[in-house]
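The file data_20.cif contains mmCIF, C-alpha atoms and all ligand atoms:
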```cif
data_model
loop_
_atom_site.label_atom_id
_atom_site.label_comp_id
_atom_site.auth_asym_id
_atom_site.auth_seq_id
_atom_site.Cartn_x
_atom_site.Cartn_y
_atom_site.Cartn_z
CA MET L 1 106.63 69.61 95.99
CA LYS L 2 105.67 72.30 93.48
CA ARG L 3 106.71 75.82 94.35
CA ILE L 4 104.90 79.14 94.34
CA PHE L 5 106.02 82.71 94.81
CA SER L 6 103.94 85.75 95.57
CA GLY L 7 104.47 89.01 97.36
CA ILE L 8 103.13 92.35 98.46
CA LYS L 9 104.95 95.63 98.24
CA PRO L 10 105.31 97.46 101.56
CA SER L 11 103.96 100.75 100.24
CA GLY L 12 101.59 101.15 103.20
CA ARG L 13 99.64 99.21 105.80
CA LEU L 14 97.95 96.15 104.35
CA HIS L 15 94.24 96.42 103.63
CA ILE L 16 91.28 94.13 103.04
CA GLY L 17 92.05 94.16 99.28
CA ASN L 18 95.46 92.62 100.00
CA TYR L 19 93.82 90.20 102.43
CA LEU L 20 90.97 89.03 100.18
CA GLY L 21 92.87 89.36 96.91
CA ALA L 22 96.05 87.71 98.11
CA ILE L 23 96.74 86.51 101.66
CA LYS L 24 93.47 84.65 102.30
CA ASN L 25 94.13 82.62 99.19
CA TRP L 26 97.76 82.03 100.17
CA LEU L 27 96.63 80.40 103.41
CA THR L 28 94.98 77.59 101.47
CA LEU L 29 98.19 76.91 99.53
CA GLN L 30 100.67 76.59 102.37
CA ASP L 31 100.19 72.84 102.76
CA GLU L 32 100.10 71.94 99.08
CA TYR L 33 103.12 73.86 97.80
CA GLN L 34 106.52 75.03 98.91
CA CYS L 35 105.66 78.71 99.22
CA VAL L 36 107.91 81.73 99.09
CA TRP L 37 106.09 84.87 100.30
CA GLY L 38 108.03 88.01 99.53
CA ILE L 39 107.90 91.47 101.02
CA VAL L 40 108.85 93.13 97.77
CA ASP L 41 110.39 96.37 98.98
CA TYR L 42 112.23 97.19 95.74
CA HIS L 43 108.79 97.49 94.13
CA ALA L 44 107.78 99.96 96.83
CA ILE L 45 110.59 102.40 96.01
CA THR L 46 109.44 102.94 92.41
CA VAL L 47 107.25 105.80 93.67
CA PRO L 48 108.18 108.56 96.14
CA TYR L 49 108.46 107.12 99.67
CA ASP L 50 109.53 108.03 103.17
CA LEU L 51 112.86 106.40 104.14
CA ILE L 52 111.96 106.06 107.82
CA GLU L 53 108.48 104.74 107.11
CA LEU L 54 109.79 102.06 104.74
CA GLU L 55 111.29 100.04 107.61
CA GLU L 56 108.07 100.33 109.61
CA ARG L 57 106.10 99.15 106.62
CA VAL L 58 108.36 96.15 106.10
CA ILE L 59 107.87 95.17 109.74
CA ASP L 60 104.13 95.80 109.43
CA CYS L 61 103.95 93.65 106.31
CA ALA L 62 105.82 90.75 107.96
CA ALA L 63 103.58 91.04 111.02
CA SER L 64 100.46 91.16 108.84
CA TYR L 65 101.48 88.03 106.92
CA ILE L 66 101.89 86.06 110.14
CA ALA L 67 98.89 87.65 111.88
CA ALA L 68 96.67 86.64 108.97
CA GLY L 69 97.84 83.04 109.29
CA LEU L 70 100.94 82.50 107.15
CA ASP L 71 103.10 80.00 108.97
CA PRO L 72 106.87 80.63 108.80
CA GLU L 73 107.42 76.97 109.73
CA LYS L 74 105.70 75.88 106.52
CA SER L 75 106.65 78.67 104.11
CA ILE L 76 109.53 81.00 103.41
CA LEU L 77 108.90 84.64 104.35
CA MET L 78 111.55 86.79 102.72
CA LEU L 79 112.54 90.40 102.05
CA GLN L 80 113.31 91.05 98.39
CA SER L 81 116.07 93.68 98.73
CA GLN L 82 118.13 91.32 100.89
CA VAL L 83 118.38 88.69 98.16
CA LYS L 84 120.44 90.49 95.54
CA GLU L 85 119.74 87.87 92.90
CA HIS L 86 116.32 89.48 92.35
CA THR L 87 117.85 92.63 90.89
CA GLU L 88 120.66 90.75 89.19
CA LEU L 89 118.24 88.53 87.31
CA THR L 90 116.10 91.58 86.50
CA TRP L 91 119.05 93.11 84.64
CA ILE L 92 119.54 89.97 82.60
CA LEU L 93 115.81 89.76 81.79
CA ASN L 94 115.87 93.44 80.80
CA THR L 95 118.19 92.57 77.96
CA ILE L 96 115.59 90.31 76.35
CA THR L 97 112.45 92.32 77.14
CA PRO L 98 111.22 94.62 74.36
CA ILE L 99 110.29 98.09 75.68
CA PRO L 100 106.82 98.10 73.99
CA TRP L 101 105.82 95.06 76.09
CA LEU L 102 106.31 97.21 79.19
CA GLU L 103 104.72 100.35 77.81
CA ARG L 104 101.50 98.42 77.16
CA VAL L 105 101.07 97.21 80.77
CA PRO L 106 97.84 98.75 82.18
CA THR L 107 99.26 99.42 85.67
CA PHE L 108 102.18 101.31 84.12
CA LYS L 109 99.75 103.57 82.29
CA ASP L 110 97.82 104.18 85.55
CA LYS L 111 100.93 104.83 87.61
CA ALA L 112 102.35 107.08 84.88
CA LYS L 113 99.29 109.29 85.32
CA GLN L 114 99.31 109.09 89.13
CA PHE L 115 103.05 109.85 89.41
CA SER L 116 103.61 111.90 86.26
CA ALA L 117 106.01 114.25 88.08
CA SER L 118 108.26 111.39 89.18
CA LEU L 119 107.93 108.89 86.34
CA ASN L 120 111.04 106.71 86.38
CA MET L 121 112.55 103.62 84.79
CA GLY L 122 111.68 101.57 87.88
CA LEU L 123 107.96 102.02 87.23
CA LEU L 124 108.34 100.91 83.63
CA ASP L 125 110.57 98.01 84.64
CA TYR L 126 108.35 96.89 87.52
CA PRO L 127 106.96 93.83 85.66
CA VAL L 128 110.47 92.64 84.81
CA LEU L 129 111.45 92.75 88.49
CA MET L 130 108.23 90.86 89.20
CA ALA L 131 109.16 88.27 86.57
CA ALA L 132 112.58 87.88 88.21
CA ASP L 133 110.95 87.53 91.66
CA ILE L 134 108.89 84.62 90.39
CA ILE L 135 111.28 82.73 88.15
CA LEU L 136 114.27 83.02 90.47
CA TYR L 137 112.47 80.39 92.54
CA LYS L 138 111.34 78.49 89.42
CA ALA L 139 107.83 78.93 90.69
CA ASP L 140 105.28 76.66 89.03
CA ALA L 141 102.40 78.92 89.97
CA VAL L 142 101.66 82.38 91.29
CA PRO L 143 98.55 83.24 93.29
CA VAL L 144 97.40 86.68 92.18
CA GLY L 145 94.44 88.99 92.10
CA GLU L 146 92.87 89.73 88.70
CA ASP L 147 94.66 93.09 88.58
CA GLN L 148 98.01 91.29 88.42
CA LEU L 149 97.16 89.01 85.48
CA PRO L 150 98.73 91.23 82.79
CA HIS L 151 101.98 91.18 84.81
CA LEU L 152 101.93 87.42 85.01
CA GLU L 153 101.23 87.12 81.29
CA LEU L 154 104.30 89.25 80.71
CA THR L 155 106.34 86.98 82.99
CA ARG L 156 105.31 84.03 80.85
CA LYS L 157 106.34 85.86 77.67
CA ILE L 158 109.72 86.71 79.19
CA VAL L 159 110.19 83.09 80.26
CA ARG L 160 109.40 81.86 76.75
CA ARG L 161 111.86 84.34 75.29
CA PHE L 162 114.59 83.41 77.77
CA ASN L 163 114.12 79.67 77.25
CA SER L 164 114.08 79.97 73.46
CA THR L 165 117.08 82.32 73.36
CA PHE L 166 119.37 80.62 75.88
CA GLY L 167 117.90 77.18 76.55
CA GLN L 168 115.24 75.82 78.82
CA ILE L 169 115.65 76.63 82.52
CA PHE L 170 112.45 78.21 83.71
CA PRO L 171 108.94 76.77 83.98
CA GLU L 172 106.13 79.01 82.72
CA PRO L 173 104.31 79.95 85.93
CA LYS L 174 100.56 79.47 85.99
CA SER L 175 98.22 81.85 87.75
CA ILE L 176 96.10 80.81 90.70
CA ILE L 177 93.36 83.42 90.79
CA SER L 178 92.24 84.37 94.26
CA SER L 179 88.56 83.80 95.00
CA GLY L 180 88.08 87.41 96.10
CA ALA L 181 87.59 89.60 93.03
CA LEU L 182 89.09 93.05 92.70
CA ILE L 183 88.10 95.09 95.75
CA LYS L 184 87.18 98.68 95.07
CA GLY L 185 88.09 101.45 97.49
CA LEU L 186 85.57 103.15 99.76
CA ASP L 187 85.22 105.89 97.12
CA GLY L 188 83.52 103.19 95.01
CA LYS L 189 85.66 104.12 91.99
CA SER L 190 89.26 103.05 91.99
CA LYS L 191 90.82 99.82 93.20
CA MET L 192 91.41 99.75 96.94
CA GLY L 193 95.08 100.70 97.14
CA LYS L 194 97.52 101.45 99.94
CA SER L 195 98.58 104.73 98.39
CA LEU L 196 95.04 105.90 97.62
CA GLU L 197 93.70 106.36 101.16
CA ASN L 198 90.48 104.54 100.23
CA CYS L 199 91.15 101.45 102.33
CA ILE L 200 90.06 99.53 105.36
CA TYR L 201 93.33 98.47 106.91
CA LEU L 202 93.81 95.11 108.63
CA ASP L 203 94.66 96.71 111.97
CA GLU L 204 91.68 99.04 112.21
CA THR L 205 89.41 98.96 115.25
CA PRO L 206 85.64 98.37 114.93
CA GLU L 207 85.11 102.09 115.61
CA GLU L 208 87.54 103.11 112.86
CA ILE L 209 85.93 100.67 110.42
CA TRP L 210 82.47 102.02 111.22
CA LYS L 211 83.65 105.62 110.84
CA LYS L 212 85.02 104.86 107.38
CA LEU L 213 82.06 102.78 106.24
CA SER L 214 79.50 105.30 107.43
CA THR L 215 80.78 107.79 104.84
CA ALA L 216 81.61 105.24 102.12
CA VAL L 217 80.02 105.65 98.68
CA THR L 218 76.97 103.45 97.98
CA ASP L 219 74.48 103.38 95.06
CA PRO L 220 74.84 106.96 93.72
CA GLN L 221 71.16 106.99 92.64
CA ARG L 222 69.95 106.32 96.19
CA ILE L 223 70.01 109.78 97.70
CA ARG L 224 67.17 109.78 100.25
CA ARG L 225 66.31 107.05 102.78
CA ASN L 226 63.08 106.20 100.92
CA ASP L 227 64.68 105.89 97.48
CA ILE L 228 64.78 102.37 96.12
CA GLY L 229 68.37 101.15 95.70
CA ASN L 230 70.18 98.88 93.29
CA PRO L 231 72.59 96.63 95.22
CA GLU L 232 74.32 95.48 92.04
CA VAL L 233 75.83 98.94 91.51
CA CYS L 234 76.65 99.43 95.18
CA ASN L 235 80.29 98.85 96.09
CA LEU L 236 79.35 97.94 99.66
CA PHE L 237 77.05 95.19 98.45
CA SER L 238 80.05 93.55 96.78
CA LEU L 239 81.78 93.65 100.17
CA HIS L 240 78.71 92.05 101.74
CA LYS L 241 79.16 89.17 99.31
CA LEU L 242 82.62 88.64 100.76
CA PHE L 243 81.98 89.23 104.46
CA SER L 244 78.30 88.47 105.20
CA THR L 245 76.23 85.31 105.58
CA LYS L 246 73.80 84.22 102.83
CA ASP L 247 70.83 85.30 104.97
CA GLN L 248 72.35 88.71 105.57
CA ILE L 249 73.11 89.14 101.86
CA ASN L 250 69.47 88.29 100.99
CA TYR L 251 68.20 90.62 103.70
CA VAL L 252 70.34 93.53 102.45
CA ASN L 253 69.55 92.80 98.81
CA ASN L 254 65.76 92.76 99.34
CA GLY L 255 65.76 95.55 101.90
CA CYS L 256 67.74 97.86 99.61
CA LYS L 257 65.58 97.11 96.55
CA THR L 258 62.39 97.86 98.51
CA ALA L 259 63.85 100.68 100.62
CA ASP L 260 62.89 98.71 103.74
CA ILE L 261 66.38 99.32 105.02
CA GLY L 262 68.57 102.39 104.59
CA CYS L 263 72.24 102.53 103.63
CA LEU L 264 73.26 103.01 107.25
CA ASP L 265 71.47 99.77 108.25
CA CYS L 266 73.30 97.94 105.51
CA LYS L 267 76.60 99.53 106.53
CA ARG L 268 76.14 98.58 110.18
CA ILE L 269 75.82 94.87 109.31
CA LEU L 270 78.83 95.07 107.02
CA SER L 271 80.89 96.96 109.57
CA ASP L 272 80.20 94.33 112.25
CA ASN L 273 81.09 91.50 109.88
CA ILE L 274 84.33 93.06 108.69
CA SER L 275 85.28 93.87 112.30
CA ASN L 276 84.58 90.29 113.37
CA GLU L 277 86.61 88.78 110.56
CA LEU L 278 89.53 91.13 111.19
CA ALA L 279 89.41 90.80 115.01
CA PRO L 280 91.79 87.82 115.33
CA ILE L 281 94.19 89.34 112.79
CA ARG L 282 94.17 92.62 114.71
CA GLU L 283 94.83 90.85 118.01
CA ASN L 284 97.72 88.89 116.48
CA LEU L 285 99.11 92.06 114.94
CA ILE L 286 99.19 93.86 118.28
CA LYS L 287 101.14 90.96 119.83
CA LEU L 288 103.52 90.61 116.88
CA LYS L 289 104.32 94.29 116.62
CA ASN L 290 105.64 94.08 120.19
CA ASN L 291 107.89 91.23 119.18
CA ASN L 292 110.36 92.63 116.68
CA ASP L 293 112.97 90.01 117.65
CA TYR L 294 110.67 87.24 116.48
CA LEU L 295 109.87 89.03 113.21
CA ARG L 296 113.58 89.68 112.59
CA ASP L 297 114.41 85.99 113.17
CA VAL L 298 111.63 84.88 110.81
CA LEU L 299 112.82 87.21 108.06
CA ASN L 300 116.51 86.38 108.51
CA GLU L 301 115.72 82.69 108.27
CA GLY L 302 113.54 83.28 105.19
CA ILE L 303 116.23 85.38 103.53
CA LYS L 304 118.79 82.62 104.14
CA LYS L 305 116.56 79.94 102.64
CA SER L 306 115.54 81.99 99.64
CA LYS L 307 119.18 82.93 98.92
CA GLU L 308 120.06 79.24 98.71
CA ILE L 309 117.42 78.66 96.03
CA ALA L 310 118.27 81.91 94.24
CA ARG L 311 122.01 81.13 94.05
CA GLN L 312 121.33 77.75 92.44
CA THR L 313 119.13 79.35 89.80
CA MET L 314 121.68 82.05 89.07
CA TYR L 315 124.46 79.47 88.49
CA GLU L 316 122.28 77.94 85.79
CA VAL L 317 121.54 81.38 84.35
CA TYR L 318 125.25 82.38 84.25
CA ASP L 319 125.99 79.19 82.42
CA LYS L 320 123.20 79.69 79.88
CA ILE L 321 123.97 83.34 79.10
CA GLY L 322 127.71 82.71 78.79
CA VAL L 323 129.19 84.62 81.73
CA THR L 324 130.97 81.65 83.37
CA TYR L 325 134.24 82.71 81.70
CA LYS L 326 136.62 79.74 81.66
CA PHE L 327 139.75 81.89 81.35
CA LEU L 328 139.10 83.27 84.84
CA LYS L 329 139.27 79.84 86.44
N1 LIG L 401 91.98 96.15 95.75
C1 LIG L 401 92.44 94.92 95.61
N2 LIG L 401 91.59 93.92 95.35
C2 LIG L 401 92.04 92.64 95.22
N3 LIG L 401 93.34 92.31 95.35
C3 LIG L 401 94.21 93.29 95.62
N4 LIG L 401 95.54 93.29 95.80
C4 LIG L 401 95.96 94.53 96.07
N5 LIG L 401 94.93 95.39 96.05
C5 LIG L 401 93.82 94.64 95.78
C6 LIG L 401 96.36 92.09 95.72
O1 LIG L 401 97.39 92.18 96.69
C7 LIG L 401 98.58 91.60 96.15
C8 LIG L 401 99.74 92.50 96.39
O2 LIG L 401 99.55 93.76 95.87
P1 LIG L 401 100.70 94.84 96.01
O3 LIG L 401 100.55 95.55 97.28
O4 LIG L 401 102.03 94.26 95.80
O5 LIG L 401 100.43 95.74 94.78
P2 LIG L 401 99.23 96.66 94.50
O6 LIG L 401 98.10 95.85 93.99
O7 LIG L 401 99.74 97.74 93.61
O8 LIG L 401 98.89 97.23 95.92
P3 LIG L 401 98.15 98.55 96.32
O9 LIG L 401 97.54 98.32 97.63
O10 LIG L 401 97.29 99.01 95.18
O11 LIG L 401 99.34 99.52 96.57
P4 LIG L 401 99.68 100.91 95.96
O12 LIG L 401 98.47 101.79 96.20
O13 LIG L 401 100.86 101.33 96.75
O14 LIG L 401 99.99 100.69 94.52
C9 LIG L 401 98.35 91.29 94.68
O15 LIG L 401 98.18 89.90 94.53
C10 LIG L 401 97.08 92.04 94.37
O16 LIG L 401 96.31 91.34 93.41
#
```
Just dump the structure as structure tokens.
Amino acid sequence: MKRIFSGIKPSGRLHIGNYLGAIKNWLTLQDEYQCVWGIVDYHAITVPYDLIELEERVIDCAASYIAAGLDPEKSILMLQSQVKEHTELTWILNTITPIPWLERVPTFKDKAKQFSASLNMGLLDYPVLMAADIILYKADAVPVGEDQLPHLELTRKIVRRFNSTFGQIFPEPKSIISSGALIKGLDGKSKMGKSLENCIYLDETPEEIWKKLSTAVTDPQRIRRNDIGNPEVCNLFSLHKLFSTKDQINYVNNGCKTADIGCLDCKRILSDNISNELAPIRENLIKLKNNNDYLRDVLNEGIKKSKEIARQTMYEVYDKIGVTYKFLK
């Protein structure tokens, strides 16, 4: 069975961008591949974070994975920091990764602006850790959102360099692009992101979702109720395409263009649809968050299984890079 790896960093509660851009796609892959789903906490500490909250976020992330439908019986759910081989392999990959490759990564440039006061090596090195996450499991493919494609391209370059320098070990992982495109935040500008407070979180109630949507940015040219709108520039219309039925999409599209419906009418339909889609996830989340023992067992089991794979890979790596010193044996 071919293998895939993907993960989410526990830098906040998971949102509909993580769901549509990642998890929903993962659900379709669980039966076809051996899947390793990581909670990649060492990625989360590359920006300032709260030590107490980190544990809560890890638990929340594990609960969200399962609540959204990932099945720990079929896949491996693991926690990155507990499998030391991730950071060990990162160090080795660092020695073959030219610094300019990392400086050119678009997310590094963005994060460098966002966290200019705390810019650190971890942020620059983030894609190398991501490469290690993936190739440690010799993943054949990685399901990602479009925003992650430059990272995956870098992983492939690092793999090619490793294989040509030391000898072939690693497959070049392919991308499996999730069907949901990049989801913008409710500000209608930046990507929906956990740290940007522009999200609809997976555990939000219908009332909370409505409250957020009712003030969300729509077509900036449509100021008054009677103004004619342009759905194609409206961020909420792109969400309709992901959450609403064909009939509803047509209704909103025509109604907006003719000003037959106002933005609040459009938002009400969207709010109901998002709430309905998230309802089972929210219910599962409430149950799971009261069952820390179960979540702990799932993660411990996943950590054990992923360590077994990781150790095997590292033995091959040690051999290739020449650190299996015979004189020590
Ligand atoms: N807005 C999004 N639209 C589509 N897909 C998204 N993903 C995240 N945000 C969106 C997908 O979720 C997976 C895991 O992402 P991550 O949490 O590890 O990294 P991120 O993209 O940096 O997450 P955030 O939410 O933006 O966190 P912060 O604000 O803390 O940096 C990836 O597959 C990604 O495509």
Please give the centre and size of the box around ligand LIG 401 (chain L) (axis-aligned, containing every atom listed in the file, 4 Å added per side), with values in Å to one decimal and written as JSON.
```
{"center_x": 96.8, "center_y": 95.8, "center_z": 95.5, "size_x": 18.4, "size_y": 19.9, "size_z": 12.2}
```
Original post:
Taking all atoms listed in the file into account, which residues are within 8 Å of ligand LIG 401 (chain L), as an MDAnalysis selection string?
Top reply: chainID L and resid 6:12 14:23 40 43:44 143:148 180:185 191:196
**OP:** Choose the residue, out of L:Thr155, L:Asn226, L:Gln168, L:Thr245, that has the smallest atom-to-atom separation from Leu102 (chain L); count all atoms listed in the file.
**Re:**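 Checking each of L:Thr155, L:Asn226, L:Gln168, L:Thr245 against Leu102 (chain L), counting all atoms listed in the file, the winner is L:Thr155.
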Subject >> Who sits within 8 Å of Ser75 (chain L), all atoms listed in the file, same chain under 6 positions skipped, as a ChimeraX atom specification >> reply: /L:30,34-37
**OP:** Pull the neighbourhood of (103.2, 91.9, 83.1) for me: all residues within 10 Å in file coordinates, counting only C-alpha atoms, as number ranges by chain.
**Re:** L: 101-102, 104-108, 125-131, 148-158
Could you please take those selected residues and save C-alpha atoms as a tab-separated table (two decimals), in the frame of the given file?
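This went into out.tsv:
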```tsv
chain	number	residue	atom	x	y	z
L	101	TRP	CA	105.82	95.06	76.09
L	102	LEU	CA	106.31	97.21	79.19
L	104	ARG	CA	101.50	98.42	77.16
L	105	VAL	CA	101.07	97.21	80.77
L	106	PRO	CA	97.84	98.75	82.18
L	107	THR	CA	99.26	99.42	85.67
L	108	PHE	CA	102.18	101.31	84.12
L	125	ASP	CA	110.57	98.01	84.64
L	126	TYR	CA	108.35	96.89	87.52
L	127	PRO	CA	106.96	93.83	85.66
L	128	VAL	CA	110.47	92.64	84.81
L	129	LEU	CA	111.45	92.75	88.49
L	130	MET	CA	108.23	90.86	89.20
L	131	ALA	CA	109.16	88.27	86.57
L	148	GLN	CA	98.01	91.29	88.42
L	149	LEU	CA	97.16	89.01	85.48
L	150	PRO	CA	98.73	91.23	82.79
L	151	HIS	CA	101.98	91.18	84.81
L	152	LEU	CA	101.93	87.42	85.01
L	153	GLU	CA	101.23	87.12	81.29
L	154	LEU	CA	104.30	89.25	80.71
L	155	THR	CA	106.34	86.98	82.99
L	156	ARG	CA	105.31	84.03	80.85
L	157	LYS	CA	106.34	85.86	77.67
L	158	ILE	CA	109.72	86.71	79.19
```
Subject >> Residues within 10 Å of (95.0, 89.5, 113.3), counting only C-alpha atoms, listed as a list in words >> reply: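 Those residues, ordered by chain and then number, are Ala63, Ser64, Tyr65, Ile66, Ala67, Ala68, Gly69, Leu202, Asp203, Glu277, Leu278, Ala279, Pro280, Ile281, Arg282, Glu283, Asn284, Leu285, Ile286, Lys287 and Leu288 of chain L.
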Would you fill out region 87-100 of chain L with N, CA, C and O atoms and return it as a PDB file, in the coordinates of the input?
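Below you can see part-v8.pdb, which holds the result:
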```pdb
ATOM      1  N   THR L  87     117.528  91.510  91.790  1.00  0.00           N
ATOM      2  CA  THR L  87     117.850  92.630  90.890  1.00  0.00           C
ATOM      3  C   THR L  87     118.855  92.185  89.822  1.00  0.00           C
ATOM      4  O   THR L  87     118.829  92.684  88.702  1.00  0.00           O
ATOM      5  N   GLU L  88     119.694  91.234  90.175  1.00  0.00           N
ATOM      6  CA  GLU L  88     120.660  90.750  89.190  1.00  0.00           C
ATOM      7  C   GLU L  88     119.937  90.064  88.023  1.00  0.00           C
ATOM      8  O   GLU L  88     120.208  90.335  86.851  1.00  0.00           O
ATOM      9  N   LEU L  89     118.985  89.212  88.368  1.00  0.00           N
ATOM     10  CA  LEU L  89     118.240  88.530  87.310  1.00  0.00           C
ATOM     11  C   LEU L  89     117.382  89.528  86.528  1.00  0.00           C
ATOM     12  O   LEU L  89     117.207  89.386  85.313  1.00  0.00           O
ATOM     13  N   THR L  90     116.886  90.557  87.200  1.00  0.00           N
ATOM     14  CA  THR L  90     116.100  91.580  86.500  1.00  0.00           C
ATOM     15  C   THR L  90     116.938  92.193  85.367  1.00  0.00           C
ATOM     16  O   THR L  90     116.454  92.380  84.249  1.00  0.00           O
ATOM     17  N   TRP L  91     118.208  92.493  85.671  1.00  0.00           N
ATOM     18  CA  TRP L  91     119.050  93.110  84.640  1.00  0.00           C
ATOM     19  C   TRP L  91     119.175  92.192  83.418  1.00  0.00           C
ATOM     20  O   TRP L  91     119.043  92.635  82.273  1.00  0.00           O
ATOM     21  N   ILE L  92     119.373  90.925  83.707  1.00  0.00           N
ATOM     22  CA  ILE L  92     119.540  89.970  82.600  1.00  0.00           C
ATOM     23  C   ILE L  92     118.228  89.881  81.799  1.00  0.00           C
ATOM     24  O   ILE L  92     118.238  89.920  80.562  1.00  0.00           O
ATOM     25  N   LEU L  93     117.105  89.833  82.495  1.00  0.00           N
ATOM     26  CA  LEU L  93     115.810  89.760  81.790  1.00  0.00           C
ATOM     27  C   LEU L  93     115.545  91.049  81.017  1.00  0.00           C
ATOM     28  O   LEU L  93     114.923  91.029  79.950  1.00  0.00           O
ATOM     29  N   ASN L  94     116.027  92.171  81.521  1.00  0.00           N
ATOM     30  CA  ASN L  94     115.870  93.440  80.800  1.00  0.00           C
ATOM     31  C   ASN L  94     116.438  93.372  79.390  1.00  0.00           C
ATOM     32  O   ASN L  94     115.921  93.988  78.466  1.00  0.00           O
ATOM     33  N   THR L  95     117.521  92.603  79.265  1.00  0.00           N
ATOM     34  CA  THR L  95     118.190  92.570  77.960  1.00  0.00           C
ATOM     35  C   THR L  95     117.418  91.778  76.916  1.00  0.00           C
ATOM     36  O   THR L  95     117.759  91.822  75.737  1.00  0.00           O
ATOM     37  N   ILE L  96     116.394  91.057  77.345  1.00  0.00           N
ATOM     38  CA  ILE L  96     115.590  90.310  76.350  1.00  0.00           C
ATOM     39  C   ILE L  96     114.138  90.779  76.323  1.00  0.00           C
ATOM     40  O   ILE L  96     113.297  90.169  75.680  1.00  0.00           O
ATOM     41  N   THR L  97     113.839  91.853  77.078  1.00  0.00           N
ATOM     42  CA  THR L  97     112.450  92.320  77.140  1.00  0.00           C
ATOM     43  C   THR L  97     112.249  93.550  76.268  1.00  0.00           C
ATOM     44  O   THR L  97     112.841  94.602  76.548  1.00  0.00           O
ATOM     45  N   PRO L  98     111.451  93.448  75.212  1.00  0.00           N
ATOM     46  CA  PRO L  98     111.220  94.620  74.360  1.00  0.00           C
ATOM     47  C   PRO L  98     110.482  95.723  75.132  1.00  0.00           C
ATOM     48  O   PRO L  98     109.543  95.433  75.882  1.00  0.00           O
ATOM     49  N   ILE L  99     110.896  96.959  74.945  1.00  0.00           N
ATOM     50  CA  ILE L  99     110.290  98.090  75.680  1.00  0.00           C
ATOM     51  C   ILE L  99     108.769  98.184  75.437  1.00  0.00           C
ATOM     52  O   ILE L  99     108.022  98.417  76.390  1.00  0.00           O
ATOM     53  N   PRO L 100     108.270  97.990  74.203  1.00  0.00           N
ATOM     54  CA  PRO L 100     106.820  98.100  73.990  1.00  0.00           C
ATOM     55  C   PRO L 100     105.994  97.147  74.859  1.00  0.00           C
ATOM     56  O   PRO L 100     104.867  97.467  75.237  1.00  0.00           O
TER      57      PRO L 100
END
```
